[in-house]
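Pasting coords_26.txt here (compact mmCIF, C-alpha atoms):
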# COMPACT_ATOMS: atom_id res chain seq x y z
CA MET A 1 134.88 114.42 92.28
CA ASN A 2 132.87 116.57 89.89
CA THR A 3 129.74 118.28 91.33
CA THR A 4 126.58 118.75 89.31
CA ALA A 5 123.65 120.92 90.27
CA ILE A 6 120.11 119.86 89.37
CA PRO A 7 118.38 122.95 87.89
CA THR A 8 115.48 124.25 89.97
CA THR A 9 114.58 127.71 91.16
CA VAL A 10 116.07 126.99 94.56
CA GLN A 11 119.02 124.63 94.59
CA PRO A 12 120.62 125.14 97.98
CA VAL A 13 122.85 122.09 98.06
CA GLU A 14 125.27 120.88 95.42
CA MET A 15 124.48 117.35 94.34
CA GLN A 16 127.46 115.07 94.99
CA PRO A 17 127.31 111.78 93.10
CA TYR A 18 127.89 108.97 95.57
CA ARG A 19 128.49 106.04 93.27
CA GLN A 20 127.48 104.56 89.94
CA VAL A 21 124.42 102.32 89.66
CA HIS A 22 123.76 100.14 86.64
CA VAL A 23 120.17 99.54 85.52
CA GLY A 24 120.14 97.23 82.54
CA ASP A 25 122.58 98.67 80.01
CA ARG A 26 122.42 102.19 81.49
CA SER A 27 124.64 103.71 84.12
CA PHE A 28 123.41 106.36 86.59
CA SER A 29 125.16 108.39 89.25
CA LEU A 30 123.47 107.86 92.62
CA VAL A 31 122.94 111.08 94.60
CA PRO A 32 121.69 110.50 98.18
CA PRO A 33 119.81 113.09 100.23
CA SER A 34 121.73 115.78 102.07
CA ILE A 35 120.80 116.64 105.65
CA ARG A 36 121.73 120.25 104.79
CA ASP A 37 118.98 120.51 102.15
CA PRO A 38 116.28 122.89 103.50
CA ARG A 39 113.63 121.18 101.33
CA LEU A 40 113.98 118.10 103.51
CA HIS A 41 113.52 120.22 106.62
CA LEU A 42 110.40 121.87 105.19
CA SER A 43 108.93 118.49 104.24
CA ALA A 44 109.64 117.22 107.76
CA VAL A 45 107.78 120.21 109.22
CA ILE A 46 104.79 119.63 106.93
CA ILE A 47 104.75 115.91 107.82
CA THR A 48 104.78 116.88 111.51
CA ILE A 49 101.82 119.21 110.90
CA LEU A 50 100.03 116.37 109.09
CA VAL A 51 100.63 113.99 112.00
CA PHE A 52 99.28 116.50 114.52
CA GLY A 53 96.45 117.36 112.16
CA ILE A 54 95.34 113.77 111.67
CA THR A 55 95.69 112.77 115.32
CA TRP A 56 94.63 115.95 117.15
CA LEU A 57 93.16 118.62 114.88
CA GLY A 58 90.68 116.51 112.92
CA PHE A 59 92.23 116.70 109.44
CA GLN A 60 90.13 114.68 107.02
CA VAL A 61 92.96 113.06 105.12
CA SER A 62 94.36 109.55 105.41
CA ILE A 63 97.89 108.24 105.61
CA ALA A 64 97.21 106.30 102.41
CA GLN A 65 96.18 109.48 100.56
CA ILE A 66 99.34 111.21 101.76
CA LEU A 67 101.52 108.29 100.66
CA VAL A 68 99.87 108.13 97.22
CA THR A 69 100.60 111.84 96.77
CA MET A 70 104.22 111.58 97.85
CA VAL A 71 104.96 108.40 95.87
CA THR A 72 103.42 109.92 92.72
CA CYS A 73 105.64 113.00 93.04
CA ALA A 74 108.73 110.94 93.85
CA VAL A 75 108.31 108.61 90.86
CA ILE A 76 107.86 111.53 88.44
CA GLU A 77 110.83 113.44 89.86
CA VAL A 78 113.22 110.47 89.97
CA THR A 79 112.24 109.39 86.45
CA THR A 80 112.44 112.88 84.94
CA THR A 81 115.78 113.64 86.59
CA ALA A 82 117.24 110.26 85.58
CA VAL A 83 116.24 110.74 81.95
CA ARG A 84 117.54 114.33 81.80
CA THR A 85 120.76 113.99 83.80
CA LYS A 86 121.61 110.26 84.06
CA MET A 87 121.48 110.66 87.85
CA LEU A 88 119.28 108.93 90.43
CA VAL A 89 118.65 111.80 92.85
CA TRP A 90 116.76 111.82 96.14
CA PRO A 91 113.47 113.59 95.22
CA ALA A 92 113.58 116.36 97.85
CA SER A 93 111.70 118.85 95.70
CA ALA A 94 109.05 116.29 94.80
CA LEU A 95 108.52 115.35 98.43
CA GLN A 96 108.04 119.02 99.23
CA THR A 97 105.38 119.26 96.49
CA GLY A 98 103.76 116.03 97.69
CA THR A 99 103.60 117.03 101.33
CA SER A 100 102.28 120.49 100.45
CA THR A 101 99.59 119.00 98.22
CA SER A 102 98.47 116.47 100.81
CA LEU A 103 98.43 119.16 103.49
CA LEU A 104 95.90 121.28 101.59
CA LEU A 105 93.84 118.86 99.46
CA ARG A 106 90.75 117.09 100.78
CA VAL A 107 88.49 114.62 98.96
CA VAL A 108 84.90 115.05 100.11
CA GLY A 109 83.78 112.07 102.19
CA THR A 110 87.11 111.20 103.78
CA ASP A 111 86.62 110.95 107.53
CA ASN A 112 89.16 111.85 110.18
CA GLY A 113 90.45 108.67 111.77
CA ASP A 114 90.04 106.55 108.62
CA TYR A 115 93.81 106.35 108.35
CA TRP A 116 94.06 103.92 105.43
CA SER A 117 91.23 105.23 103.26
CA LEU A 118 92.06 105.26 99.56
CA ARG A 119 88.98 107.37 98.81
CA GLY A 120 89.84 109.58 95.86
CA TRP A 121 93.40 108.26 95.62
CA TYR A 122 93.34 109.07 91.90
CA VAL A 123 92.53 112.73 92.72
CA PHE A 124 95.56 112.94 95.02
CA ALA A 125 97.75 111.22 92.39
CA GLY A 126 96.41 113.41 89.58
CA VAL A 127 96.79 116.69 91.46
CA ALA A 128 100.29 115.68 92.59
CA ALA A 129 101.28 114.71 89.02
CA LEU A 130 99.84 117.90 87.56
CA GLY A 131 101.66 120.00 90.14
CA LEU A 132 104.98 118.35 89.53
CA LEU A 133 104.58 118.41 85.76
CA THR A 134 103.96 122.18 85.83
CA LYS A 135 107.37 122.46 87.45
CA TYR A 136 108.90 121.08 84.25
CA SER A 137 106.58 122.66 81.69
CA VAL A 138 105.84 126.20 82.98
CA ARG A 139 109.35 127.62 83.17
CA PHE A 140 111.17 130.89 82.76
CA LYS A 141 114.91 130.72 82.15
CA THR A 142 116.20 128.13 84.68
CA GLY A 143 113.30 127.66 87.07
CA HIS A 144 109.62 127.04 87.42
CA VAL A 145 107.39 130.10 87.52
CA PHE A 146 104.70 129.05 90.00
CA ASN A 147 104.61 126.96 93.15
CA PRO A 148 103.87 123.52 91.60
CA SER A 149 101.48 122.30 94.28
CA ASN A 150 99.53 125.57 94.36
CA VAL A 151 98.92 125.58 90.59
CA ALA A 152 97.52 122.06 90.70
CA LEU A 153 95.46 122.72 93.85
CA VAL A 154 93.81 125.83 92.44
CA LEU A 155 92.98 124.01 89.20
CA ALA A 156 91.57 121.04 91.13
CA PHE A 157 89.39 123.25 93.32
CA ILE A 158 88.06 125.13 90.27
CA LEU A 159 87.64 122.20 87.87
CA LEU A 160 86.45 119.47 90.23
CA GLY A 161 84.26 121.67 92.40
CA SER A 162 83.39 121.64 96.07
CA ASN A 163 81.25 118.50 95.80
CA ARG A 164 84.42 116.47 95.03
CA VAL A 165 87.38 118.31 96.55
CA GLU A 166 87.94 121.10 99.01
CA PRO A 167 90.83 122.86 100.66
CA LEU A 168 91.73 122.17 104.26
CA ASP A 169 89.31 124.12 106.48
CA PHE A 170 90.74 127.57 107.15
CA TRP A 171 93.82 126.24 105.33
CA TRP A 172 94.62 124.78 108.71
CA ALA A 173 91.91 122.90 110.65
CA PRO A 174 88.24 122.95 111.62
CA LEU A 175 87.45 125.46 114.34
CA GLY A 176 87.30 123.65 117.65
CA PRO A 177 89.11 123.51 121.00
CA ALA A 178 92.44 122.57 119.38
CA MET A 179 92.27 125.44 116.88
CA ILE A 180 91.21 127.92 119.55
CA ALA A 181 94.24 126.84 121.60
CA ALA A 182 96.44 127.32 118.52
CA PHE A 183 95.00 130.80 117.91
CA ASP A 184 95.69 131.80 121.54
CA GLU A 185 99.42 131.37 121.03
Would you write out, as C-alpha cells, the structure that this file holds?
Amino acid sequence: MNTTAIPTTVQPVEMQPYRQVHVGDRSFSLVPPSIRDPRLHLSAVIITILVFGITWLGFQVSIAQILVTMVTCAVIEVTTTAVRTKMLVWPASALQTGTSTSLLLRVVGTDNGDYWSLRGWYVFAGVAALGLLTKYSVRFKTGHVFNPSNVALVLAFILLGSNRVEPLDFWWAPLGPAMIAAFDE
C-alpha cells in the first residue's frame, strides 16, 4: 500500500490510507488516527489539564466552549485536507490547536461550574478558525511559521480587549489553595 504524508511542520507518523470512502461522486482515502501520533498524546494531556482545571482549579471555561473550539478546528482541518489531498484524515493537528486555544482563552463572564455555557461561543469558534487558517496561510516552504493557536490568541487579546476576552489567569489558574499546592511540587 502506498503511504502519503500530510505536509505540516511536524509530521511524525506516516498516514496509511485505510480504505476508500465515497461521498457523492467523489472518492476519498480514509486515514484513521494512529496511537503513535504524539499530537494525540499532547491533546490528551491538555484535555486532562482542562478536566482538572474545570473541576478543581476553578477554570472559567465550559465544556460547551471547549467542544465548539475543537469542532471548529476539526471541520476546517478535515475539509481543507480532503480538498487538497482527497483524503479524510483524523484531525490530530486541529485537535491540538483546539485544545490549546480552549486551554488559554477565556470569555469574560463565564463562571466556573457553568459547564454548558455557550457564552461567547462565536469568540471561541472565531479564534479557533483564525488560528487554524494561519496554519495554511502563513507558511514558509513546507510548514507553518507560527504556532496557530498562539497567533490567534494574541490577536484576540489585542483586538477584543480585556473587557471581552482574557487569558487564563497566570496562564494556569487563579491563585488559591490548589495552585499553591501545585507550586509546592
Coordinates-based distance that separates atom CA of Asp37 of chain A from atom CA of Thr55 of chain A (Å, one decimal):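 For atom CA of Thr55 of chain A relative to atom CA of Asp37 of chain A, the distance reads 27.9 Å.
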Within 9 Å of Phe157 of chain A using all atoms listed in the file, minus same-chain residues under 6 positions, as number ranges by chain: A: 105, 164-167
Exercise: residues within 10 Å of coordinate (118.1, 112.3, 97.7), counting all atoms listed in the file, as a PyMOL selection string: chain A and resi 15+30-35+37+40+78+88-93
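Counting all atoms listed in the file and comparing A:Gly58, A:Pro177, A:Gly109, A:Gly126, the residue that lies closest to Asn163 of chain A is A:Gly109.
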Point-to-point distance in Å for atom CA of Val45 of chain A and atom CA of His144 of chain A: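 Answer for the atom CA of His144 of chain A to atom CA of Val45 of chain A separation: 22.9 Å.
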Two-atom distance - atom CA of Arg106 of chain A, atom CA of Gln60 of chain A (Å):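 Distance reported for this atom pair: 6.7 Å.
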Write out as a compact mmCIF listing (two decimals) with C-alpha atoms, keeping the file's coordinate frame each polymer residue whose atoms come within 12 Å of Leu42 of chain A, counting all atoms listed in the file; drop sequence neighbours fewer than 4 positions from it.
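Writing done, so here's around.txt:
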# COMPACT_ATOMS: atom_id res chain seq x y z
CA ILE A 35 120.80 116.64 105.65
CA ARG A 36 121.73 120.25 104.79
CA ASP A 37 118.98 120.51 102.15
CA PRO A 38 116.28 122.89 103.50
CA ILE A 46 104.79 119.63 106.93
CA ILE A 47 104.75 115.91 107.82
CA THR A 48 104.78 116.88 111.51
CA ILE A 49 101.82 119.21 110.90
CA ALA A 92 113.58 116.36 97.85
CA SER A 93 111.70 118.85 95.70
CA ALA A 94 109.05 116.29 94.80
CA LEU A 95 108.52 115.35 98.43
CA GLN A 96 108.04 119.02 99.23
CA THR A 97 105.38 119.26 96.49
CA GLY A 98 103.76 116.03 97.69
CA THR A 99 103.60 117.03 101.33
CA SER A 100 102.28 120.49 100.45
Spatial neighbours of segment 111-118 of chain A, max dist 8 Å, only C-alpha atoms, sep filter under 6 positions, as number ranges by chain: A: 54-55, 58-65
Counting only C-alpha atoms, the residue of A:Leu160, A:Met87, A:Leu104, A:Leu168 that sits nearest Arg26 of chain A: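 Using only C-alpha atoms, Arg26 of chain A sits closest to A:Met87.
Compared by their closest atoms to Tyr122 of chain A, and using all atoms listed in the file, the residues A:Ser43, A:Gly143, A:Gly176, A:Thr72 rank with A:Thr72 nearest.
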All residues 10 Å or closer to Leu130 of chain A, only C-alpha atoms, same chain fewer than 6 positions away omitted, as a ChimeraX atom specification: /A:73,124,148-149,151-153,155-156
